[in-house]
Every structure is written in C-alpha cells, then in structure tokens.
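**Student:** This one is work_35.cif, mmCIF, C-alpha atoms.
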data_start
loop_
_atom_site.label_atom_id
_atom_site.label_comp_id
_atom_site.auth_asym_id
_atom_site.auth_seq_id
_atom_site.Cartn_x
_atom_site.Cartn_y
_atom_site.Cartn_z
CA MET P 1 148.01 -96.70 -64.89
CA LYS P 2 146.85 -93.50 -63.23
CA PHE P 3 143.52 -91.96 -64.13
CA VAL P 4 141.83 -88.65 -63.62
CA ILE P 5 138.05 -88.97 -63.89
CA ASN P 6 136.23 -85.78 -64.87
CA VAL P 7 132.50 -85.72 -64.06
CA LEU P 8 130.60 -83.02 -65.92
CA SER P 9 127.01 -84.07 -65.43
CA SER P 10 124.52 -84.19 -62.58
CA SER P 11 123.31 -87.38 -60.92
CA THR P 12 120.27 -87.71 -63.19
CA ALA P 13 122.39 -87.97 -66.33
CA PRO P 14 123.26 -91.45 -67.61
CA SER P 15 126.82 -90.24 -68.13
CA THR P 16 127.25 -89.80 -64.37
CA ARG P 17 126.29 -93.42 -63.78
CA ARG P 18 128.67 -94.47 -66.58
CA ALA P 19 131.43 -92.48 -64.92
CA LEU P 20 130.83 -94.38 -61.70
CA HIS P 21 130.86 -97.80 -63.33
CA PHE P 22 133.94 -96.93 -65.35
CA SER P 23 135.69 -95.73 -62.20
CA GLN P 24 134.76 -98.93 -60.37
CA ALA P 25 136.21 -100.94 -63.25
CA VAL P 26 139.41 -98.87 -63.16
CA LEU P 27 140.03 -99.81 -59.53
CA ALA P 28 138.89 -103.39 -60.01
CA ALA P 29 141.55 -103.76 -62.71
CA GLY P 30 144.19 -102.63 -60.25
CA HIS P 31 144.70 -99.13 -61.59
CA GLU P 32 144.78 -95.91 -59.63
CA ILE P 33 142.43 -92.93 -59.64
CA VAL P 34 144.52 -89.87 -58.84
CA ARG P 35 141.52 -87.57 -58.57
CA VAL P 36 137.86 -87.36 -59.44
CA PHE P 37 137.14 -83.81 -60.55
CA PHE P 38 133.60 -82.50 -60.67
CA TYR P 39 133.03 -79.61 -63.05
CA GLN P 40 130.14 -77.90 -64.84
CA GLU P 41 126.91 -79.76 -64.01
CA GLY P 42 129.01 -82.40 -62.29
CA VAL P 43 129.13 -80.26 -59.17
CA LEU P 44 125.45 -81.09 -58.63
CA THR P 45 126.40 -84.75 -58.18
CA ALA P 46 128.22 -83.66 -55.04
CA SER P 47 125.08 -82.27 -53.40
CA ASN P 48 123.86 -83.85 -50.17
CA ASN P 49 120.40 -82.41 -50.73
CA LEU P 50 119.08 -84.73 -53.39
CA VAL P 51 115.97 -86.81 -52.76
CA VAL P 52 115.68 -89.88 -54.95
CA ALA P 53 112.51 -91.96 -55.31
CA GLN P 54 112.64 -95.38 -53.65
CA ASP P 55 112.32 -97.23 -56.94
CA GLN P 56 115.25 -95.41 -58.53
CA GLN P 57 119.01 -95.63 -58.28
CA ASP P 58 120.59 -92.96 -56.10
CA ILE P 59 123.67 -92.32 -58.21
CA ALA P 60 124.87 -89.40 -56.09
CA GLN P 61 124.75 -91.57 -52.99
CA GLN P 62 126.58 -94.35 -54.85
CA TRP P 63 129.28 -91.92 -55.89
CA GLN P 64 129.65 -90.73 -52.33
CA ALA P 65 129.93 -94.29 -51.04
CA PHE P 66 132.48 -95.19 -53.72
CA ILE P 67 134.62 -92.18 -52.86
CA ALA P 68 134.48 -93.02 -49.16
CA GLU P 69 135.19 -96.72 -49.64
CA HIS P 70 138.33 -96.08 -51.65
CA GLN P 71 139.34 -92.81 -49.98
CA LEU P 72 139.42 -91.07 -53.34
CA ASP P 73 140.40 -87.45 -53.76
CA ALA P 74 137.07 -85.97 -54.88
CA VAL P 75 137.42 -82.34 -55.84
CA VAL P 76 134.53 -80.09 -56.81
CA CYS P 77 135.38 -76.94 -58.74
CA ILE P 78 134.53 -74.09 -56.40
CA ALA P 79 133.56 -71.53 -59.05
CA ALA P 80 131.29 -73.99 -60.85
CA ALA P 81 129.80 -75.09 -57.53
CA LEU P 82 129.03 -71.61 -56.26
CA ARG P 83 127.20 -70.56 -59.40
CA ARG P 84 125.10 -73.73 -59.21
CA GLY P 85 124.37 -73.47 -55.52
CA VAL P 86 126.59 -76.17 -54.03
CA LEU P 87 128.31 -74.76 -50.97
CA ASP P 88 130.38 -76.05 -48.08
CA GLN P 89 130.35 -74.59 -44.57
CA ALA P 90 133.00 -72.00 -45.33
CA GLU P 91 131.36 -70.70 -48.50
CA ALA P 92 127.87 -70.68 -46.96
CA GLN P 93 129.24 -68.57 -44.15
CA ARG P 94 131.21 -66.31 -46.49
CA PHE P 95 128.21 -65.56 -48.65
CA GLY P 96 125.50 -65.69 -45.99
CA ARG P 97 123.68 -68.70 -47.42
CA GLU P 98 121.54 -71.00 -45.30
CA ALA P 99 122.29 -74.34 -46.90
CA VAL P 100 125.49 -76.28 -46.54
CA ASN P 101 124.99 -78.92 -49.16
CA LEU P 102 128.38 -80.18 -50.27
CA ALA P 103 128.26 -83.88 -49.45
CA GLU P 104 130.74 -85.47 -47.06
CA GLY P 105 133.93 -86.63 -48.73
CA TYR P 106 134.06 -83.87 -51.33
CA GLN P 107 136.22 -80.74 -51.25
CA LEU P 108 135.78 -77.45 -53.04
CA SER P 109 138.88 -76.30 -54.86
CA GLY P 110 140.07 -74.65 -58.06
CA LEU P 111 140.72 -75.82 -61.59
CA GLY P 112 144.38 -76.01 -60.67
CA GLN P 113 143.51 -79.34 -59.06
CA LEU P 114 142.36 -80.67 -62.42
CA HIS P 115 145.65 -79.69 -64.04
CA ASP P 116 147.64 -81.01 -61.10
CA GLY P 117 145.84 -84.31 -61.54
CA LEU P 118 146.59 -84.39 -65.25
CA GLN P 119 150.28 -83.83 -64.65
CA GLN P 120 150.35 -86.82 -62.26
CA ALA P 121 148.17 -89.13 -64.31
CA ASP P 122 148.37 -91.10 -67.54
CA ARG P 123 144.78 -90.90 -68.71
CA LEU P 124 141.88 -88.48 -68.43
CA ILE P 125 138.35 -89.71 -69.03
CA SER P 126 135.52 -87.18 -68.96
CA PHE P 127 131.85 -88.04 -68.65
CA GLY P 128 129.29 -85.37 -69.34
CA GLY P 129 126.46 -84.00 -71.38
CA GLU P 130 124.08 -86.89 -71.39
CA MET I 131 149.67 -93.16 -80.53
CA THR I 132 145.98 -93.45 -81.22
CA THR I 133 143.09 -91.50 -79.79
CA LEU I 134 140.00 -93.01 -78.24
CA HIS I 135 136.93 -90.92 -79.00
CA ILE I 136 133.90 -91.37 -76.74
CA LEU I 137 130.53 -90.27 -78.08
CA ASN I 138 127.42 -90.14 -75.92
CA ALA I 139 124.83 -88.00 -77.70
CA SER I 140 122.22 -88.80 -80.31
CA PRO I 141 123.64 -88.36 -83.82
CA MET I 142 120.38 -86.75 -84.88
CA GLN I 143 120.36 -84.21 -82.06
CA THR I 144 123.97 -83.03 -82.07
CA THR I 145 127.00 -82.63 -84.30
CA GLN I 146 129.09 -84.95 -82.13
CA LEU I 147 129.31 -87.78 -84.64
CA ASN I 148 129.86 -85.45 -87.60
CA SER I 149 132.63 -83.56 -85.91
CA CYS I 150 134.29 -86.66 -84.49
CA LEU I 151 134.42 -88.35 -87.89
CA ARG I 152 136.12 -85.29 -89.36
CA VAL I 153 138.91 -85.08 -86.84
CA LEU I 154 139.67 -88.68 -86.08
CA SER I 155 142.88 -90.17 -87.41
CA ALA I 156 143.34 -93.53 -89.12
CA ASN I 157 143.47 -96.36 -86.54
CA ASP I 158 141.76 -94.31 -83.84
CA SER I 159 139.00 -95.96 -81.81
CA VAL I 160 135.46 -94.74 -81.30
CA VAL I 161 133.22 -95.86 -78.44
CA LEU I 162 129.51 -95.19 -78.74
CA CYS I 163 127.65 -94.99 -75.45
CA GLY I 164 124.39 -93.52 -74.26
CA GLU I 165 122.27 -92.17 -77.09
CA ALA I 166 125.22 -92.29 -79.48
CA VAL I 167 124.48 -96.01 -80.00
CA GLN I 168 121.57 -94.87 -82.18
CA ALA I 169 124.24 -94.53 -84.87
CA LEU I 170 124.31 -98.32 -85.06
CA ARG I 171 120.74 -98.59 -86.33
CA ALA I 172 121.05 -100.21 -89.76
CA GLY I 173 119.90 -98.00 -92.57
CA SER I 174 120.15 -94.82 -90.53
CA ALA I 175 121.96 -91.77 -91.87
CA ALA I 176 124.35 -91.99 -88.94
CA ALA I 177 125.20 -95.64 -89.65
CA GLU I 178 125.96 -94.70 -93.24
CA GLN I 179 128.20 -91.90 -92.02
CA LEU I 180 130.10 -94.33 -89.78
CA GLN I 181 130.54 -96.79 -92.59
CA GLY I 182 131.42 -94.09 -95.13
CA CYS I 183 134.36 -92.60 -93.26
CA ASP I 184 137.43 -92.51 -95.48
CA ARG I 185 139.75 -93.37 -92.60
CA VAL I 186 139.91 -96.84 -91.04
CA PHE I 187 139.00 -96.79 -87.36
CA GLN I 188 137.94 -99.30 -84.70
CA LEU I 189 134.28 -99.05 -83.72
CA TYR I 190 133.08 -100.04 -80.27
CA ALA I 191 129.86 -99.60 -78.33
CA LEU I 192 128.96 -99.94 -74.68
CA GLU I 193 127.14 -103.25 -74.43
CA GLU I 194 124.55 -102.16 -71.87
CA ASP I 195 123.43 -99.28 -74.08
CA VAL I 196 123.06 -101.47 -77.18
CA LEU I 197 121.20 -104.21 -75.30
CA ALA I 198 118.93 -101.79 -73.46
CA ARG I 199 117.77 -100.38 -76.78
CA GLU I 200 117.69 -103.80 -78.50
CA ILE I 201 119.62 -102.49 -81.46
CA ASP I 202 120.44 -105.10 -84.09
CA ILE I 203 124.17 -104.80 -84.71
CA SER I 204 124.57 -107.84 -86.91
CA HIS I 205 125.33 -105.68 -89.94
CA MET I 206 127.73 -103.30 -88.23
CA PRO I 207 131.46 -103.83 -87.72
CA VAL I 208 131.19 -102.99 -84.02
CA THR I 209 132.66 -104.64 -80.93
CA LEU I 210 130.62 -104.50 -77.75
CA LEU I 211 132.38 -103.50 -74.54
CA ASP I 212 131.64 -104.11 -70.92
CA TYR I 213 133.21 -101.73 -68.42
CA PRO I 214 136.43 -103.73 -67.88
CA ALA I 215 136.98 -103.82 -71.64
CA PHE I 216 136.22 -100.10 -71.82
CA VAL I 217 138.92 -99.43 -69.24
CA ALA I 218 141.39 -101.65 -71.09
CA LEU I 219 140.69 -99.82 -74.33
CA SER I 220 141.29 -96.44 -72.69
CA ILE I 221 144.74 -97.70 -71.72
CA ASP I 222 145.58 -99.12 -75.15
CA CYS I 223 144.99 -95.73 -76.75
CA ALA I 224 147.39 -92.86 -76.04
CA ARG I 225 144.69 -90.35 -75.15
CA VAL I 226 140.93 -90.17 -74.67
CA ASN I 227 138.74 -87.49 -76.19
CA SER I 228 135.32 -87.50 -74.58
CA TRP I 229 132.83 -85.58 -76.68
CA THR I 230 130.17 -84.07 -74.44
CA MET N 231 158.09 -84.37 -68.59
CA VAL N 232 155.35 -81.78 -68.49
CA LYS N 233 152.18 -83.06 -70.13
CA SER N 234 150.41 -80.98 -72.73
CA VAL N 235 146.69 -80.36 -73.10
CA LEU N 236 144.60 -79.54 -76.15
CA LEU N 237 141.35 -77.88 -75.15
CA ILE N 238 138.64 -78.21 -77.79
CA SER N 239 136.04 -75.52 -77.19
CA ARG N 240 132.74 -76.24 -78.95
CA GLN N 241 130.13 -74.06 -77.26
CA ALA N 242 128.71 -70.79 -78.55
CA PRO N 243 129.67 -67.82 -76.38
CA TRP N 244 126.33 -67.12 -74.72
CA ALA N 245 124.57 -70.45 -74.82
CA GLY N 246 124.97 -70.83 -71.06
CA VAL N 247 128.26 -70.85 -69.17
CA GLY N 248 129.89 -73.68 -71.15
CA ALA N 249 132.13 -71.47 -73.25
CA ALA N 250 133.27 -69.45 -70.24
CA GLU N 251 133.90 -72.58 -68.18
CA ALA N 252 135.98 -74.03 -71.01
CA LEU N 253 138.06 -70.86 -71.11
CA ASP N 254 138.53 -71.05 -67.35
CA VAL N 255 140.23 -74.42 -67.84
CA ALA N 256 142.67 -72.74 -70.22
CA LEU N 257 143.33 -69.79 -67.92
CA ALA N 258 143.99 -72.15 -65.02
CA ALA N 259 146.59 -74.03 -67.06
CA GLY N 260 148.20 -70.75 -67.96
CA ALA N 261 148.25 -69.62 -64.34
CA PHE N 262 150.28 -72.74 -63.52
CA ASP N 263 152.52 -72.33 -66.58
CA LEU N 264 151.28 -75.57 -68.12
CA PRO N 265 151.26 -76.10 -71.89
CA LEU N 266 147.74 -75.80 -73.21
CA SER N 267 146.45 -74.90 -76.67
CA ILE N 268 142.88 -74.19 -77.67
CA LEU N 269 141.05 -75.39 -80.77
CA PHE N 270 137.77 -73.61 -81.39
CA MET N 271 135.41 -75.94 -83.18
CA ASP N 272 131.72 -76.30 -84.04
CA ASP N 273 129.79 -73.45 -82.39
CA GLY N 274 132.94 -72.65 -80.44
CA VAL N 275 134.23 -70.73 -83.47
CA LEU N 276 131.57 -68.12 -82.69
CA GLN N 277 133.55 -67.11 -79.60
CA LEU N 278 136.19 -65.61 -81.87
CA LEU N 279 133.97 -63.28 -83.85
CA ALA N 280 134.76 -59.62 -83.58
CA GLN N 281 132.09 -57.04 -82.82
CA GLN N 282 129.84 -58.81 -80.34
CA GLN N 283 127.55 -57.03 -77.91
CA PRO N 284 126.90 -59.37 -74.99
CA GLN N 285 125.79 -56.53 -72.77
CA ARG N 286 122.48 -56.59 -74.66
CA LEU N 287 121.95 -60.05 -73.14
CA GLU N 288 123.27 -58.84 -69.82
CA GLN N 289 125.99 -61.42 -70.11
CA LYS N 290 129.64 -61.05 -69.29
CA ASP N 291 131.77 -60.31 -72.32
CA LEU N 292 133.91 -63.38 -73.02
CA SER N 293 136.32 -61.34 -75.08
CA ALA N 294 137.91 -59.97 -71.89
CA ASN N 295 138.93 -63.51 -70.92
CA LEU N 296 139.90 -64.35 -74.49
CA GLN N 297 142.14 -61.27 -74.67
CA ALA N 298 143.72 -62.36 -71.37
CA LEU N 299 144.89 -65.69 -72.78
CA PRO N 300 148.31 -64.50 -74.03
CA MET N 301 148.93 -62.83 -70.67
CA PHE N 302 148.43 -66.25 -69.09
CA GLY N 303 150.83 -67.80 -71.57
CA ILE N 304 148.13 -69.40 -73.72
CA GLU N 305 149.19 -68.27 -77.15
CA GLN N 306 148.44 -71.17 -79.45
CA LEU N 307 144.90 -70.75 -80.65
CA TYR N 308 143.43 -72.73 -83.50
CA VAL N 309 140.11 -72.48 -85.26
CA ALA N 310 138.42 -75.10 -87.43
CA GLN N 311 138.21 -73.53 -90.87
CA GLN N 312 135.43 -75.88 -92.01
CA CYS N 313 133.27 -74.79 -89.08
CA LEU N 314 133.73 -71.13 -90.01
CA ILE N 315 132.80 -71.92 -93.61
CA GLN N 316 129.72 -73.92 -92.55
CA ARG N 317 128.53 -70.90 -90.60
CA GLY N 318 129.15 -68.45 -93.41
CA LEU N 319 132.02 -66.88 -91.48
CA ALA N 320 135.01 -67.69 -93.66
CA ASP N 321 135.62 -64.01 -94.40
CA SER N 322 134.54 -62.58 -91.06
CA PRO N 323 137.15 -60.81 -88.98
CA LEU N 324 138.18 -62.69 -85.86
CA ALA N 325 138.77 -60.89 -82.59
CA LEU N 326 141.85 -62.99 -81.85
CA THR N 327 144.70 -64.39 -83.89
CA ALA N 328 144.01 -68.07 -84.42
CA ASP N 329 145.54 -70.46 -86.93
CA ARG N 330 142.88 -71.72 -89.31
CA LEU N 331 143.09 -75.49 -89.67
CA ASP N 332 141.40 -77.81 -92.10
CA ASP N 333 140.21 -81.25 -90.97
CA ALA N 334 143.45 -83.04 -91.87
CA GLN N 335 145.45 -80.50 -89.90
CA ILE N 336 143.15 -80.97 -86.90
CA GLN N 337 143.66 -84.73 -87.10
CA GLN N 338 147.38 -84.09 -86.89
CA LEU N 339 147.02 -81.50 -84.14
CA ILE N 340 145.21 -83.89 -81.79
CA ARG N 341 148.02 -86.42 -82.11
CA GLN N 342 150.53 -83.93 -80.73
CA TYR N 343 149.02 -83.64 -77.26
CA ASP N 344 149.11 -85.82 -74.16
CA TYR N 345 145.53 -84.92 -73.24
CA VAL N 346 142.47 -83.69 -75.09
CA VAL N 347 139.73 -81.94 -73.13
CA THR N 348 136.59 -81.25 -75.13
CA LEU N 349 134.11 -78.90 -73.52
#
Show me, as structure tokens, the structure contained in the file I just sent.
**Tutor:**
Amino acid sequence: MKFVINVLSSSTAPSTRRALHFSQAVLAAGHEIVRVFFYQEGVLTASNNLVVAQDQQDIAQQWQAFIAEHQLDAVVCIAAALRRGVLDQAEAQRFGREAVNLAEGYQLSGLGQLHDGLQQADRLISFGGE
Amino acid sequence: MTTLHILNASPMQTTQLNSCLRVLSANDSVVLCGEAVQALRAGSAAAEQLQGCDRVFQLYALEEDVLAREIDISHMPVTLLDYPAFVALSIDCARVNSWT
Amino acid sequence: MVKSVLLISRQAPWAGVGAAEALDVALAAGAFDLPLSILFMDDGVLQLLAQQQPQRLEQKDLSANLQALPMFGIEQLYVAQQCLIQRGLADSPLALTADRLDDAQIQQLIRQYDYVVTL
C-alpha cells in the first residue's frame, strides 16, 4: 500500500508526534510512503532553528532523522512556508531575508506535489490541529 | 467502501465529534486520538453522543492517549489501537478522513 | 484511473489563513485538471455568504479565489444545509452556487470519493 502523509501541525503539537509514529509503523509494516507533505503549521516542523529543552523530545529532529534514514520525499508547501517564515537558500536570497532555516532533507514546492502524491498513492492520512 | 474518521480534538472545545457523527455512514470506523479520547469518559455528554448515534460504527481509540489519561473504558464499546493496528485499520477502510 | 478528492472546508473566512489555504488545495487540483469537489461545512459555510467586507479587517477577500474556482474547473460545490440552519443562515443569499445537502446526502457524498481532505 502506498501512503501520502500530510503534516499540518508544528513540532510542539501532539499530532506531529503521532504522524511520526504512524509513519514509522507504515514502513515497519512493509508499506511505502510516496511523500510526506508539510502544509499549514506543519511547515514549522521543517525548521532547522528550533531549540528544544534537554528533558523534552525533539520531534522536529526525529522527523528529520526519519526522513533521512528512509530517504523519504519530504515536501514543504512553499506558499505556506514563506508566510510562516521558513525559507531555503533560494527564497532567502530572493526576498532578502537573513535566515535560511529549512532543515536538510526537506524541499520547498507547490501544492501540486500533494496532488501528485495522491494520484500515486492509495491512502492519505493527515495529522494536524492538536 | 468504508471511511475511517480520525478525531483528535476535545469534544467540549470543538464541533469535531458532533460533525463527524452527522456525516459518518453505517459501518464506518472512528479513531479517537489526542484530546478526542475525552469522549470515552463514562457519563460525559460526548460519550452519550457516541453511544446515541443512530448508525452502527466501529469505535477505536489510540491506546497511548487512553492510558496516558487513565480513562476507564470498561463501559465503552471501544477497541484500543497501537500504531501498527492503526496503520492496518487505515488500509482496511477505503479512505481516511482526518478531522483537524 | 484518476483519483477524486472531496475537500471539506470547515474554517470561517477570516479566522486566520485556514480557509484560504483550504481553497488553495482546490485551486491546485484544478490547475492540474484533477477531479476535486468542495463541501463547505461547520464555519466553512460562512465563506459562501454574499456581501462581506474583508477590507475592513485588512484581509484579502476570499471571494476572488472562490469566484475563480469554475475557471480552474472546480465546479461541484456543496454546502451543509444543517450548518447554515444552525447559524441562522438558511435564507441568506450565497455568493456562489452550491448544492445544499442534508446530513444523509453528505454521508453519501463522502462515499463517492477516493480521498477526503478536511481542512
């Protein structure tokens, strides 16, 4: 089975941790994740600028490691990212911003990538809100 | 061709549960996770809503959320899920509607 | 086989960017000629009301994007009748043509799509 995972919440939301554990279980069961798409507040999970207290779980870092380990296609919606201040090198340059804070392993792209993923996949699971 | 509905918000704070119960079809599945597991608290208005739905549906809850809150589910017709079971359920249903 | 999407839009028009970002999902599908229908539900029904003045809140008028939907090939719009009634809007004019559905019809509608995206 092919999945698209849609992450709509930032790293402090329990739903973002649930998305990670669900995604881990998807792969552990032998299924495929076609794409992980980060939209709305989910773009904040892709920031490399988060500082997490030592006694807390760094969910953003765990997501990044998971994506790297399995070479997943992690796409962050560019429009949603820009308005929330998550930029890659190209966008920071384009708009004259100092910070390049899109974490390694993520790519900025459009909503077309979400739809492309849906056309390839069998299931979409979204995690967001809380 | 059933739908899996995933709820994650408190039934007292949002209309998630209300709205879901109105649009779910007979034999759909509902997974409560996050604050939505509050709907399992016996005697609560939300629990009564769940039990009063006029369509038959399968009720599930994410085990970690129920255990973390020490909710007594002995009186509720709910099946607890770990993540592997959650994944399996998402495959058994034709589509997943995540309420956010 | 092209897969179809039902977008359920539940956010009020100017309660943050949620409503606009939901619409963007629809417009993107349209841009790629993919079959997508929209059901406006809960506070999402408020997006359809005629005679809104978002400029007073210095917010972008959603109606421009809503009016653009048919141009992008998104023509099937639905609105939850119960949600209009609950908000005292059963007789209010809507800015767009949308089929009013009762709960049973919405139950049926959901079953017709490969994917449901609720935003």
**Student:** What does the PyMOL selection byres ((chain P and resi 86) around 8) select in this file, as a list in words?
**Tutor:**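 This file gives the following for the PyMOL selection byres ((chain P and resi 86) around 8): Val43, Leu44, Ala46, Ser47, Ala81, Leu82, Arg83, Arg84, Gly85, Leu87, Asp88, Val100, Asn101 and Leu102 of chain P.
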**Student:** Could you please tell me, as a PyMOL selection string, which residues of chain N have an atom within 9 Å of chain I when using all atoms listed in the file?
**Tutor:** chain N and resi 271-272+333-338+340-341+343-349
**Student:** Using all atoms listed in the file, find the residues of chain P whose closest atom to chain I is at most 6 Å away, then write them as number ranges by chain.
**Tutor:** P: 22, 25, 126, 128-129
**Student:** What does the structure give for the distance between CA of Arg317 in chain N and CA of Leu237 in chain N, in Å to one decimal?
**Tutor:**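 Answer for the CA of Arg317 in chain N to CA of Leu237 in chain N separation: 21.3 Å.
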**Student:** Which residues of chain P come within 10 Å of chain N, and for each one, what is the closest pair of atoms and their distance in Å to one decimal, counting only C-alpha atoms, sorted by chain and residue number, as JSON lines?
**Tutor:**
{"residue": "P:Asn6", "atom": "CA", "partner": "N:Val347", "partner_atom": "CA", "distance": 9.8}
{"residue": "P:Leu8", "atom": "CA", "partner": "N:Leu349", "partner_atom": "CA", "distance": 9.3}
{"residue": "P:Tyr39", "atom": "CA", "partner": "N:Glu251", "partner_atom": "CA", "distance": 8.7}
{"residue": "P:Gln40", "atom": "CA", "partner": "N:Glu251", "partner_atom": "CA", "distance": 7.3}
{"residue": "P:Glu41", "atom": "CA", "partner": "N:Gly248", "partner_atom": "CA", "distance": 9.8}
{"residue": "P:Ala79", "atom": "CA", "partner": "N:Glu251", "partner_atom": "CA", "distance": 9.2}
{"residue": "P:Ala80", "atom": "CA", "partner": "N:Glu251", "partner_atom": "CA", "distance": 7.9}
{"residue": "P:Arg83", "atom": "CA", "partner": "N:Val247", "partner_atom": "CA", "distance": 9.8}
{"residue": "P:Gly110", "atom": "CA", "partner": "N:Ala258", "partner_atom": "CA", "distance": 8.4}
{"residue": "P:Leu111", "atom": "CA", "partner": "N:Ala258", "partner_atom": "CA", "distance": 6.0}
{"residue": "P:Gly112", "atom": "CA", "partner": "N:Ala258", "partner_atom": "CA", "distance": 5.8}
{"residue": "P:Gln113", "atom": "CA", "partner": "N:Ala258", "partner_atom": "CA", "distance": 9.4}
{"residue": "P:Leu114", "atom": "CA", "partner": "N:Val255", "partner_atom": "CA", "distance": 8.5}
{"residue": "P:His115", "atom": "CA", "partner": "N:Ala259", "partner_atom": "CA", "distance": 6.5}
{"residue": "P:Asp116", "atom": "CA", "partner": "N:Phe262", "partner_atom": "CA", "distance": 9.0}
{"residue": "P:Leu118", "atom": "CA", "partner": "N:Lys233", "partner_atom": "CA", "distance": 7.5}
{"residue": "P:Gln119", "atom": "CA", "partner": "N:Lys233", "partner_atom": "CA", "distance": 5.9}
{"residue": "P:Gln120", "atom": "CA", "partner": "N:Lys233", "partner_atom": "CA", "distance": 8.9}
{"residue": "P:Ala121", "atom": "CA", "partner": "N:Lys233", "partner_atom": "CA", "distance": 9.3}
{"residue": "P:Asp122", "atom": "CA", "partner": "N:Asp344", "partner_atom": "CA", "distance": 8.5}
{"residue": "P:Arg123", "atom": "CA", "partner": "N:Tyr345", "partner_atom": "CA", "distance": 7.5}
{"residue": "P:Leu124", "atom": "CA", "partner": "N:Tyr345", "partner_atom": "CA", "distance": 7.0}
{"residue": "P:Ile125", "atom": "CA", "partner": "N:Val347", "partner_atom": "CA", "distance": 8.9}
{"residue": "P:Ser126", "atom": "CA", "partner": "N:Val347", "partner_atom": "CA", "distance": 7.9}
{"residue": "P:Gly128", "atom": "CA", "partner": "N:Leu349", "partner_atom": "CA", "distance": 9.1}
{"residue": "P:Gly129", "atom": "CA", "partner": "N:Leu349", "partner_atom": "CA", "distance": 9.4}
**Student:** Quick one: apply the PyMOL selection byres ((chain P and resi 89) around 12) to the file and drop the selected residues here as a PyMOL selection string.
**Tutor:** chain P and resi 86-88+90-104+107-108
**Student:** Once the PyMOL selection byres ((chain N and resi 321-325) around 9) has been applied to the shown file, what residues remain in the selection, as a tab-separated table (two decimals) with C-alpha atoms, in the frame of the given file?
**Tutor:**
chain	number	residue	atom	x	y	z
N	277	GLN	CA	133.55	-67.11	-79.60
N	278	LEU	CA	136.19	-65.61	-81.87
N	279	LEU	CA	133.97	-63.28	-83.85
N	280	ALA	CA	134.76	-59.62	-83.58
N	281	GLN	CA	132.09	-57.04	-82.82
N	293	SER	CA	136.32	-61.34	-75.08
N	296	LEU	CA	139.90	-64.35	-74.49
N	297	GLN	CA	142.14	-61.27	-74.67
N	314	LEU	CA	133.73	-71.13	-90.01
N	315	ILE	CA	132.80	-71.92	-93.61
N	318	GLY	CA	129.15	-68.45	-93.41
N	319	LEU	CA	132.02	-66.88	-91.48
N	320	ALA	CA	135.01	-67.69	-93.66
N	326	LEU	CA	141.85	-62.99	-81.85
N	327	THR	CA	144.70	-64.39	-83.89
N	328	ALA	CA	144.01	-68.07	-84.42
**Student:** Excluding Tyr308 in chain N and its own-chain neighbours fewer than 3 positions away, which residues fall within 8 Å of it when counting only C-alpha atoms? Please give them as a list in words.
**Tutor:**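 Those residues are Ser267, Ile268, Leu269, Phe270, Ala328, Asp329, Arg330 and Leu331 of chain N.
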**Student:** Expressed in Å to a single decimal, how great is the separation between CA of Asp55 in chain P and CA of Ala19 in chain P?
**Tutor:**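 Atom-to-atom, CA of Asp55 in chain P to CA of Ala19 in chain P, that is 21.2 Å.
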